[in-house]
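Novice: Contents of start31.cif (mmCIF, C-alpha atoms):
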```cif
data_final
#
loop_
_atom_site.label_atom_id
_atom_site.label_comp_id
_atom_site.auth_asym_id
_atom_site.auth_seq_id
_atom_site.Cartn_x
_atom_site.Cartn_y
_atom_site.Cartn_z
CA MET R 1 -22.72 -73.42 24.47
CA ARG R 2 -22.43 -74.86 20.97
CA THR R 3 -19.83 -73.44 18.61
CA ARG R 4 -21.37 -71.15 15.99
CA VAL R 5 -20.01 -71.72 12.47
CA CYS R 6 -20.54 -69.69 9.32
CA LEU R 7 -19.89 -71.86 6.25
CA THR R 8 -19.37 -69.74 3.15
CA HIS R 9 -19.54 -71.11 -0.39
CA LEU R 10 -19.88 -70.02 -4.00
CA GLY R 11 -22.90 -70.65 -6.20
CA GLY R 12 -23.02 -73.33 -8.83
CA GLY R 13 -26.67 -73.74 -9.82
CA TYR R 14 -27.18 -77.11 -8.15
CA GLU R 15 -30.34 -79.14 -8.41
CA ASP R 16 -31.85 -78.54 -4.99
CA GLY R 17 -32.24 -74.84 -5.64
CA SER R 18 -29.81 -73.83 -2.90
CA ARG R 19 -26.88 -73.46 -5.30
CA MET R 20 -24.89 -75.53 -2.82
CA ALA R 21 -22.59 -78.27 -4.10
CA PRO R 22 -23.28 -81.73 -2.66
CA TRP R 23 -19.86 -81.87 -1.00
CA VAL R 24 -20.47 -78.49 0.65
CA ARG R 25 -23.87 -79.69 1.83
CA LYS R 26 -22.18 -82.71 3.37
CA ASP R 27 -19.80 -80.50 5.37
CA LEU R 28 -22.74 -78.40 6.55
CA ASP R 29 -24.43 -81.58 7.79
CA ILE R 30 -21.23 -82.63 9.57
CA LEU R 31 -20.96 -79.29 11.36
CA ALA R 32 -24.64 -79.40 12.34
CA GLU R 33 -24.07 -82.62 14.25
CA GLN R 34 -22.22 -80.81 17.03
CA MET R 35 -22.40 -77.10 16.23
CA ASP R 36 -24.80 -74.35 15.24
CA SER R 37 -23.99 -74.00 11.56
CA ARG R 38 -25.25 -71.54 8.98
CA ALA R 39 -24.49 -71.54 5.27
CA PHE R 40 -23.74 -68.29 3.46
CA LEU R 41 -23.82 -68.08 -0.34
CA TYR R 42 -21.40 -65.37 -1.46
CA GLY R 43 -22.17 -63.80 -4.81
CA SER R 44 -20.59 -60.33 -4.85
CA ARG R 45 -19.55 -57.41 -2.65
CA ARG R 46 -23.21 -56.54 -2.29
CA ASP R 47 -23.36 -59.50 0.10
CA LEU R 48 -20.75 -58.03 2.45
CA PRO R 49 -23.18 -56.38 4.89
CA ARG R 50 -25.05 -59.66 5.30
CA LEU R 51 -21.78 -61.57 5.63
CA ALA R 52 -20.64 -59.16 8.33
CA GLY R 53 -23.88 -59.73 10.22
CA VAL R 54 -23.52 -63.50 10.07
CA LEU R 55 -19.87 -63.37 11.15
CA LEU R 56 -20.77 -61.15 14.10
CA GLY R 57 -22.94 -63.99 15.35
CA SER R 58 -20.32 -66.67 14.70
CA ASP R 59 -17.30 -68.07 16.49
CA VAL R 60 -15.53 -69.31 13.35
CA SER R 61 -15.96 -69.49 9.58
CA LEU R 62 -15.33 -72.40 7.23
CA ASN R 63 -14.85 -71.30 3.62
CA TRP R 64 -14.98 -73.43 0.50
CA PHE R 65 -12.40 -72.20 -2.05
CA ALA R 66 -9.70 -69.57 -1.58
CA TRP R 67 -11.76 -66.93 -3.33
CA ASP R 68 -13.81 -63.80 -2.55
CA ASN R 69 -15.93 -65.52 0.08
CA ALA R 70 -12.83 -66.60 2.00
CA LEU R 71 -11.00 -63.32 1.40
CA TRP R 72 -13.77 -61.28 3.01
CA SER R 73 -14.39 -63.79 5.79
CA ILE R 74 -10.72 -63.37 6.71
CA ARG R 75 -10.75 -59.58 6.47
CA LEU R 76 -13.96 -59.12 8.41
CA GLY R 77 -12.96 -61.89 10.80
CA ARG R 78 -9.92 -59.91 11.89
CA TRP R 79 -12.21 -57.13 13.11
CA PHE R 80 -14.68 -59.49 14.78
CA ARG R 81 -12.12 -61.98 16.15
CA VAL R 82 -13.63 -64.77 14.07
CA PRO R 83 -10.95 -67.12 12.71
CA ALA R 84 -11.37 -68.43 9.16
CA LEU R 85 -10.62 -71.93 7.93
CA VAL R 86 -10.32 -72.47 4.17
CA ILE R 87 -10.78 -75.55 2.01
CA LEU R 88 -8.79 -75.53 -1.24
CA ALA R 89 -10.63 -77.53 -3.87
CA GLY R 90 -8.86 -77.13 -7.20
CA PHE R 91 -10.19 -74.15 -9.14
CA ASP R 92 -8.64 -71.77 -6.64
CA VAL R 93 -5.10 -73.04 -7.26
CA ALA R 94 -5.42 -73.85 -10.97
CA ASN R 95 -3.99 -72.06 -13.98
CA GLU R 96 -5.27 -73.71 -17.16
CA PRO R 97 -5.43 -71.13 -19.98
CA ASP R 98 -6.08 -73.83 -22.60
CA PHE R 99 -9.62 -74.21 -21.31
CA ALA R 100 -10.03 -70.96 -19.39
CA TYR R 101 -10.03 -72.55 -15.96
CA GLY R 102 -8.50 -71.51 -12.67
CA ALA R 103 -8.22 -68.58 -10.29
CA LEU R 104 -4.51 -68.17 -10.98
CA ARG R 105 -4.87 -67.15 -14.63
CA THR R 106 -4.62 -63.47 -13.71
CA ALA R 107 -2.31 -61.45 -11.48
CA GLU R 108 -5.35 -60.27 -9.52
CA GLY R 109 -6.44 -63.84 -8.92
CA GLN R 110 -2.95 -64.85 -7.80
CA ALA R 111 -2.80 -61.95 -5.33
CA LYS R 112 -6.22 -62.87 -3.96
CA VAL R 113 -5.31 -66.52 -3.41
CA ARG R 114 -1.98 -65.56 -1.78
CA SER R 115 -3.84 -63.26 0.60
CA VAL R 116 -6.26 -66.03 1.58
CA LEU R 117 -3.49 -68.55 2.13
CA THR R 118 -1.60 -66.09 4.31
CA GLY R 119 -4.58 -64.91 6.37
CA ALA R 120 -6.44 -68.15 7.06
CA ALA R 121 -6.25 -69.66 10.54
CA HIS R 122 -6.06 -73.11 8.96
CA VAL R 123 -5.89 -74.33 5.37
CA PHE R 124 -7.14 -77.66 4.06
CA ALA R 125 -6.61 -79.19 0.62
CA LEU R 126 -8.76 -81.92 -0.90
CA SER R 127 -5.71 -83.74 -2.27
CA GLU R 128 -1.93 -83.75 -2.37
CA PHE R 129 -2.19 -82.41 -5.92
CA VAL R 130 -4.16 -79.37 -4.69
CA ARG R 131 -1.75 -78.93 -1.78
CA GLU R 132 1.30 -78.89 -4.06
CA SER R 133 -0.45 -76.45 -6.41
CA ALA R 134 -1.12 -74.11 -3.49
CA LEU R 135 2.48 -74.28 -2.28
CA ASN R 136 3.57 -73.03 -5.68
CA VAL R 137 1.59 -69.89 -4.90
CA ARG R 138 2.59 -69.43 -1.28
CA PRO R 139 5.45 -71.70 -0.15
CA ASN R 140 5.77 -72.69 3.51
CA VAL R 141 2.08 -72.20 4.36
CA PRO R 142 0.94 -75.18 6.46
CA ILE R 143 -1.71 -77.06 4.47
CA GLU R 144 -3.45 -80.18 5.73
CA ILE R 145 -4.95 -82.82 3.45
CA LEU R 146 -8.69 -83.23 4.02
CA PRO R 147 -10.04 -85.50 1.30
CA LEU R 148 -13.71 -85.83 0.58
CA GLY R 149 -15.47 -88.53 2.54
CA PHE R 150 -18.10 -90.99 1.37
CA ASP R 151 -20.83 -93.04 2.97
CA ALA R 152 -20.65 -96.40 1.22
CA ALA R 153 -24.31 -97.06 2.03
CA GLU R 154 -25.32 -94.20 -0.28
CA PHE R 155 -23.66 -95.98 -3.21
CA PRO R 156 -24.49 -99.71 -3.02
CA PRO R 157 -22.23 -102.10 -4.93
CA GLY R 158 -24.85 -103.16 -7.46
CA PRO R 159 -24.87 -106.30 -9.62
CA GLU R 160 -21.90 -108.42 -10.61
CA PRO R 161 -19.71 -107.08 -13.47
CA ALA R 162 -20.98 -109.72 -15.91
CA GLU R 163 -24.49 -108.30 -15.54
CA ARG R 164 -23.42 -104.78 -16.54
CA HIS R 165 -23.45 -103.60 -20.11
CA ALA R 166 -22.42 -99.94 -20.26
CA VAL R 167 -19.71 -97.32 -19.87
CA CYS R 168 -20.44 -94.00 -18.19
CA THR R 169 -18.94 -90.66 -17.24
CA VAL R 170 -20.23 -87.77 -15.11
CA GLY R 171 -19.77 -84.09 -15.81
CA ASP R 172 -21.75 -81.09 -16.94
CA VAL R 173 -21.57 -80.68 -20.70
CA ASP R 174 -20.30 -77.12 -21.03
CA GLU R 175 -17.50 -75.43 -22.96
CA THR R 176 -14.93 -75.77 -20.17
CA ASN R 177 -15.72 -79.40 -19.39
CA LEU R 178 -15.47 -80.51 -23.00
CA LYS R 179 -11.73 -80.35 -22.41
CA ARG R 180 -11.22 -80.13 -18.62
CA LYS R 181 -13.46 -83.12 -17.83
CA GLY R 182 -12.62 -84.78 -21.15
CA ILE R 183 -16.24 -84.96 -22.34
CA ARG R 184 -15.16 -84.51 -25.94
CA ASP R 185 -12.54 -87.25 -25.50
CA VAL R 186 -15.18 -89.62 -24.13
CA ILE R 187 -17.30 -89.03 -27.23
CA GLU R 188 -14.34 -89.79 -29.49
CA VAL R 189 -13.62 -93.00 -27.57
CA ALA R 190 -17.29 -93.96 -27.88
CA ARG R 191 -16.93 -93.93 -31.69
CA HIS R 192 -14.70 -96.99 -31.27
CA LEU R 193 -17.11 -98.70 -28.86
CA ASP R 194 -20.08 -98.85 -31.20
CA ASP R 195 -21.54 -101.99 -29.61
CA ILE R 196 -21.22 -100.69 -26.02
CA PRO R 197 -23.64 -98.06 -24.65
CA VAL R 198 -21.94 -94.95 -23.29
CA PHE R 199 -23.83 -92.67 -20.87
CA VAL R 200 -22.91 -89.05 -20.09
CA ALA R 201 -24.58 -87.75 -16.93
CA GLY R 202 -24.52 -83.98 -16.50
CA LYS R 203 -26.42 -80.82 -17.30
CA ILE R 204 -26.13 -79.86 -20.97
CA SER R 205 -25.50 -76.21 -21.79
CA PRO R 206 -28.07 -74.88 -24.29
CA ASN R 207 -25.33 -73.91 -26.75
CA LEU R 208 -24.06 -77.51 -26.82
CA LYS R 209 -27.33 -79.22 -27.68
CA ASP R 210 -26.12 -79.56 -31.26
CA PHE R 211 -22.88 -81.17 -30.04
CA ALA R 212 -24.93 -83.75 -28.14
CA ASN R 213 -27.22 -84.38 -31.09
CA HIS R 214 -24.27 -85.26 -33.35
CA ALA R 215 -22.69 -87.76 -30.97
CA PRO R 216 -22.38 -91.43 -32.03
CA ARG R 217 -25.53 -93.53 -31.78
CA ASN R 218 -24.22 -95.49 -28.80
CA VAL R 219 -23.89 -92.28 -26.70
CA THR R 220 -26.79 -91.17 -24.52
CA PHE R 221 -26.70 -87.76 -22.86
CA LEU R 222 -28.76 -87.99 -19.70
CA ASP R 223 -28.66 -84.26 -18.87
CA HIS R 224 -29.25 -83.57 -15.18
CA ILE R 225 -30.52 -86.61 -13.27
CA PRO R 226 -31.30 -87.01 -9.55
CA LYS R 227 -28.89 -88.89 -7.33
CA GLU R 228 -31.09 -92.00 -7.22
CA THR R 229 -31.02 -92.25 -11.00
CA LEU R 230 -27.29 -91.63 -11.11
CA VAL R 231 -26.70 -94.52 -8.72
CA ARG R 232 -28.69 -96.82 -11.03
CA VAL R 233 -26.64 -95.67 -14.02
CA LEU R 234 -23.40 -96.37 -12.15
CA GLN R 235 -24.66 -99.78 -11.12
CA ASP R 236 -25.50 -100.58 -14.74
CA SER R 237 -22.01 -99.58 -15.91
CA ARG R 238 -18.99 -101.83 -15.87
CA VAL R 239 -16.48 -99.09 -16.68
CA TYR R 240 -16.34 -95.50 -15.46
CA LEU R 241 -14.42 -93.33 -17.93
CA GLN R 242 -12.76 -90.12 -16.70
CA LEU R 243 -10.49 -88.42 -19.23
CA SER R 244 -9.88 -85.16 -17.39
CA ARG R 245 -7.05 -82.70 -17.84
CA HIS R 246 -7.48 -81.20 -14.37
CA GLU R 247 -9.10 -82.66 -11.23
CA GLY R 248 -8.79 -81.31 -7.71
CA PHE R 249 -10.21 -84.58 -6.39
CA GLY R 250 -12.69 -86.55 -8.49
CA ALA R 251 -15.80 -87.19 -6.39
CA ALA R 252 -17.66 -88.84 -9.26
CA VAL R 253 -14.83 -91.34 -9.67
CA ALA R 254 -15.04 -92.35 -6.01
CA GLU R 255 -18.82 -92.67 -6.19
CA ALA R 256 -18.56 -94.84 -9.29
CA MET R 257 -15.94 -97.02 -7.60
CA LEU R 258 -18.29 -97.54 -4.65
CA CYS R 259 -20.84 -98.85 -7.16
CA ARG R 260 -18.11 -101.24 -8.39
CA CYS R 261 -17.43 -99.48 -11.66
CA ILE R 262 -13.88 -100.08 -12.83
CA PRO R 263 -12.23 -96.70 -13.44
CA VAL R 264 -10.40 -96.03 -16.69
CA LEU R 265 -8.86 -92.60 -16.40
CA SER R 266 -6.15 -90.12 -17.16
CA ARG R 267 -3.45 -89.25 -14.66
CA ALA R 268 -4.61 -85.66 -14.39
CA GLY R 269 -4.50 -83.93 -11.04
CA ALA R 270 -5.69 -86.02 -8.10
CA LEU R 271 -7.19 -88.89 -10.09
CA PRO R 272 -4.34 -91.31 -9.23
CA GLU R 273 -4.76 -90.39 -5.56
CA VAL R 274 -8.42 -91.36 -5.73
CA ALA R 275 -8.27 -94.53 -7.83
CA GLY R 276 -4.85 -95.83 -6.82
CA ASN R 277 -4.08 -99.36 -8.02
CA ALA R 278 -7.76 -99.99 -8.71
CA GLY R 279 -7.62 -97.69 -11.73
CA GLN R 280 -6.53 -98.39 -15.29
CA TYR R 281 -4.65 -95.36 -16.62
CA VAL R 282 -4.53 -94.16 -20.22
CA GLU R 283 -2.79 -91.44 -22.20
CA LEU R 284 -5.01 -88.78 -23.71
CA GLY R 285 -5.06 -88.18 -27.44
CA ASP R 286 -5.40 -91.78 -28.62
CA ALA R 287 -9.14 -92.46 -28.75
CA GLU R 288 -8.75 -95.83 -30.45
CA GLY R 289 -6.12 -96.97 -27.94
CA ILE R 290 -8.27 -95.85 -24.99
CA ALA R 291 -11.23 -97.72 -26.48
CA GLU R 292 -9.12 -100.87 -26.62
CA VAL R 293 -8.23 -100.47 -22.94
CA VAL R 294 -11.91 -99.99 -22.12
CA ARG R 295 -12.79 -103.17 -24.00
CA ARG R 296 -10.15 -105.19 -22.16
CA VAL R 297 -11.26 -103.87 -18.78
CA PHE R 298 -14.89 -104.35 -19.77
CA GLU R 299 -14.27 -108.00 -20.51
CA SER R 300 -12.30 -108.75 -17.33
CA GLY R 301 -14.22 -107.00 -14.57
CA ASP R 302 -11.66 -108.24 -12.03
CA ARG R 303 -11.04 -104.89 -10.28
CA ALA R 304 -14.64 -104.11 -9.35
CA ASP R 305 -14.46 -105.24 -5.74
CA ALA R 306 -11.02 -103.68 -5.27
CA ALA R 307 -12.37 -100.36 -6.55
CA ARG R 308 -15.17 -100.28 -4.00
CA GLN R 309 -12.95 -101.40 -1.15
CA ARG R 310 -10.36 -98.72 -1.88
CA VAL R 311 -12.89 -95.92 -1.37
CA ILE R 312 -14.28 -97.56 1.76
CA ASP R 313 -10.79 -97.87 3.24
CA THR R 314 -9.26 -94.60 2.05
CA PHE R 315 -12.08 -92.05 2.03
CA PRO R 316 -14.58 -92.90 4.78
CA LEU R 317 -16.90 -90.08 5.75
CA LYS R 318 -16.01 -90.55 9.43
CA LYS R 319 -12.38 -89.69 8.74
CA ARG R 320 -13.34 -86.35 7.21
CA ARG R 321 -15.92 -85.67 9.92
CA ASP R 322 -13.51 -86.24 12.80
CA LEU R 323 -10.71 -84.11 11.37
CA LEU R 324 -12.99 -81.26 10.28
CA LEU R 325 -14.75 -80.98 13.65
CA ARG R 326 -11.46 -81.17 15.53
CA ARG R 327 -9.79 -78.40 13.53
CA VAL R 328 -12.82 -76.11 13.79
CA GLU R 329 -12.88 -76.43 17.57
CA GLU R 330 -9.12 -75.87 17.76
CA ALA R 331 -9.42 -72.67 15.73
CA VAL R 332 -12.06 -71.35 18.12
CA SER R 333 -10.00 -72.22 21.19
CA LYS R 334 -6.98 -70.35 19.79
CA ALA R 335 -8.89 -67.21 18.77
#
```
Could you render the structure as structure tokens?
Specialist:
Amino acid sequence: MRTRVCLTHLGGGYEDGSRMAPWVRKDLDILAEQMDSRAFLYGSRRDLPRLAGVLLGSDVSLNWFAWDNALWSIRLGRWFRVPALVILAGFDVANEPDFAYGALRTAEGQAKVRSVLTGAAHVFALSEFVRESALNVRPNVPIEILPLGFDAAEFPPGPEPAERHAVCTVGDVDETNLKRKGIRDVIEVARHLDDIPVFVAGKISPNLKDFANHAPRNVTFLDHIPKETLVRVLQDSRVYLQLSRHEGFGAAVAEAMLCRCIPVLSRAGALPEVAGNAGQYVELGDAEGIAEVVRRVFESGDRADAARQRVIDTFPLKKRRDLLLRRVEEAVSKA
């Protein structure tokens, strides 16, 4: 009999209408290879009766983020003898009052995350940065690194660097991301790159349309674009610019590197773990200096192949698949 898995997640308004993040969808596909998997979108306590019904028909739950979905999967799972695994992704162990981000900004949020970390049968973290952040909340809880995994075939290398003529970044243009993802910083850097096109790929909040309209002439806001279009944008870009102040992992950076974009980025969060020696690191707050780094990297192009190879070697999808399936089966066997 195949193991029955309930994968819980939180909504995010994603493009396929399911409100499921691409990385969550990928885990659901991994589970479906060998198990009977069912996704559950948790919105509020009104969903608890449905969640209880799904858990009653499950052997184990896998929960993205140490938040309400995981909290209730753990509590209900105790009654139903359904162990809960949790994936820490960044928001759940962040406390960033400067841009109103993170579950740990309130005492209630801290208590909730501590309860999840204590009650989970197994805890994963996307990066060492996320793991260390979680240990600040609940020391001595065993936490295993489970980085995102990528299929290099989904992000072909694209043309040679000399044939590329743009800089790009990926991130929804909303109030939080102006600072957290460094969207505003990218725009300021673009003012010093007036002869180089700069593309920003991400859904634009209605209240920031005016912000986008007043950007420099070399900046193009692409709004939401499908994955196929995003890959073409990455392949047309020589430099990928990520000026974040907090990153639990940095999936867009890895995808850009697979397309042989050279990453120029801050040292925030897990970004150095993702880019490693293939990245060129800058200090935030000096738009003109960052622009000069971008120009130098743009002209050299000598790290493009190293960037792609790093992701292939360090974050293969098979590595995530094997570890995730193994830990899920172990949790069921111990229940």
Novice: Between atom CA of R:Arg245 and atom CA of R:Leu284, measure the distance and give it in Å to one decimal.
Specialist: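 A separation of 8.7 Å between them.
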Novice: Hey, can I get the axis-aligned box for stretch 53-68 of chain R? All listed atoms, 4 Å padding on each side, centre and edge lengths in Å to one decimal, as lines of an AutoDock Vina configuration file.
Specialist:
```
center_x = -16.8
center_y = -66.6
center_z = 6.6
size_x = 22.2
size_y = 21.7
size_z = 27.8
```
Novice: Any chance you could tabulate, as a tab-separated table, the residues of stretch 114-145 of chain R at most 12 Å from stretch 301-315 of chain R with each one's nearest atom pair and distance in Å to one decimal, using all atoms listed in the file, in chain and rising number order?
Specialist:
```
residue	atom	partner	partner_atom	distance
R:Leu126	CA	R:Phe315	CA	11.1
R:Ser127	CA	R:Phe315	CA	11.3
R:Ile145	CA	R:Phe315	CA	11.7
```
Novice: Tell me which residues come within 9 Å of (-24.4, -75.1, 19.1), as a ChimeraX atom specification, counting all atoms listed in the file in the file's coordinates.
Specialist: /R:1-5,32-37
Novice: May I have the residues within 10 Å of R:Gly171 as an MDAnalysis selection string, using only C-alpha atoms and disregarding those fewer than 5 positions away in the same chain?
Specialist: chainID R and resid 177:178 180:183 200:204 223:224 242 252
Novice: Could you turn the residues from that selection into a file that holds C-alpha atoms, as an mmCIF file, in the frame of the given file?
Specialist:
```
data_model
loop_
_atom_site.group_PDB
_atom_site.id
_atom_site.type_symbol
_atom_site.label_atom_id
_atom_site.label_comp_id
_atom_site.auth_asym_id
_atom_site.auth_seq_id
_atom_site.Cartn_x
_atom_site.Cartn_y
_atom_site.Cartn_z
ATOM 1 C CA ASN R 177 -15.720 -79.400 -19.390
ATOM 2 C CA LEU R 178 -15.470 -80.510 -23.000
ATOM 3 C CA ARG R 180 -11.220 -80.130 -18.620
ATOM 4 C CA LYS R 181 -13.460 -83.120 -17.830
ATOM 5 C CA GLY R 182 -12.620 -84.780 -21.150
ATOM 6 C CA ILE R 183 -16.240 -84.960 -22.340
ATOM 7 C CA VAL R 200 -22.910 -89.050 -20.090
ATOM 8 C CA ALA R 201 -24.580 -87.750 -16.930
ATOM 9 C CA GLY R 202 -24.520 -83.980 -16.500
ATOM 10 C CA LYS R 203 -26.420 -80.820 -17.300
ATOM 11 C CA ILE R 204 -26.130 -79.860 -20.970
ATOM 12 C CA ASP R 223 -28.660 -84.260 -18.870
ATOM 13 C CA HIS R 224 -29.250 -83.570 -15.180
ATOM 14 C CA GLN R 242 -12.760 -90.120 -16.700
ATOM 15 C CA ALA R 252 -17.660 -88.840 -9.260
#
```
Novice: Mind listing whatever residues come within 7 Å of the point (-26.6, -95.3, -26.7)? Use only C-alpha atoms, file coordinates, and give them as a CSV table (one decimal) with C-alpha atoms, in the frame of the given file.
Specialist:
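Generated file (point-v9.csv):
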```csv
chain,number,residue,atom,x,y,z
R,197,PRO,CA,-23.6,-98.1,-24.6
R,198,VAL,CA,-21.9,-95.0,-23.3
R,199,PHE,CA,-23.8,-92.7,-20.9
R,217,ARG,CA,-25.5,-93.5,-31.8
R,218,ASN,CA,-24.2,-95.5,-28.8
R,219,VAL,CA,-23.9,-92.3,-26.7
R,220,THR,CA,-26.8,-91.2,-24.5
```
Novice: Run the PyMOL selection byres ((chain R and resi 167) around 8) on the file and write out the hits as a list of chain:residue names.
Specialist: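 That selection, the PyMOL selection byres ((chain R and resi 167) around 8), comes back as R:His165, R:Ala166, R:Cys168, R:Thr169, R:Ile196, R:Pro197, R:Val198, R:Phe199, R:Ser237, R:Arg238, R:Val239, R:Tyr240, R:Leu241.
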Novice: R:Thr176, R:Val231, R:Asn69, R:Arg320: which is nearest R:Ala153, counting only C-alpha atoms?
Specialist: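 So, comparing all the options, the nearest one is R:Val231.
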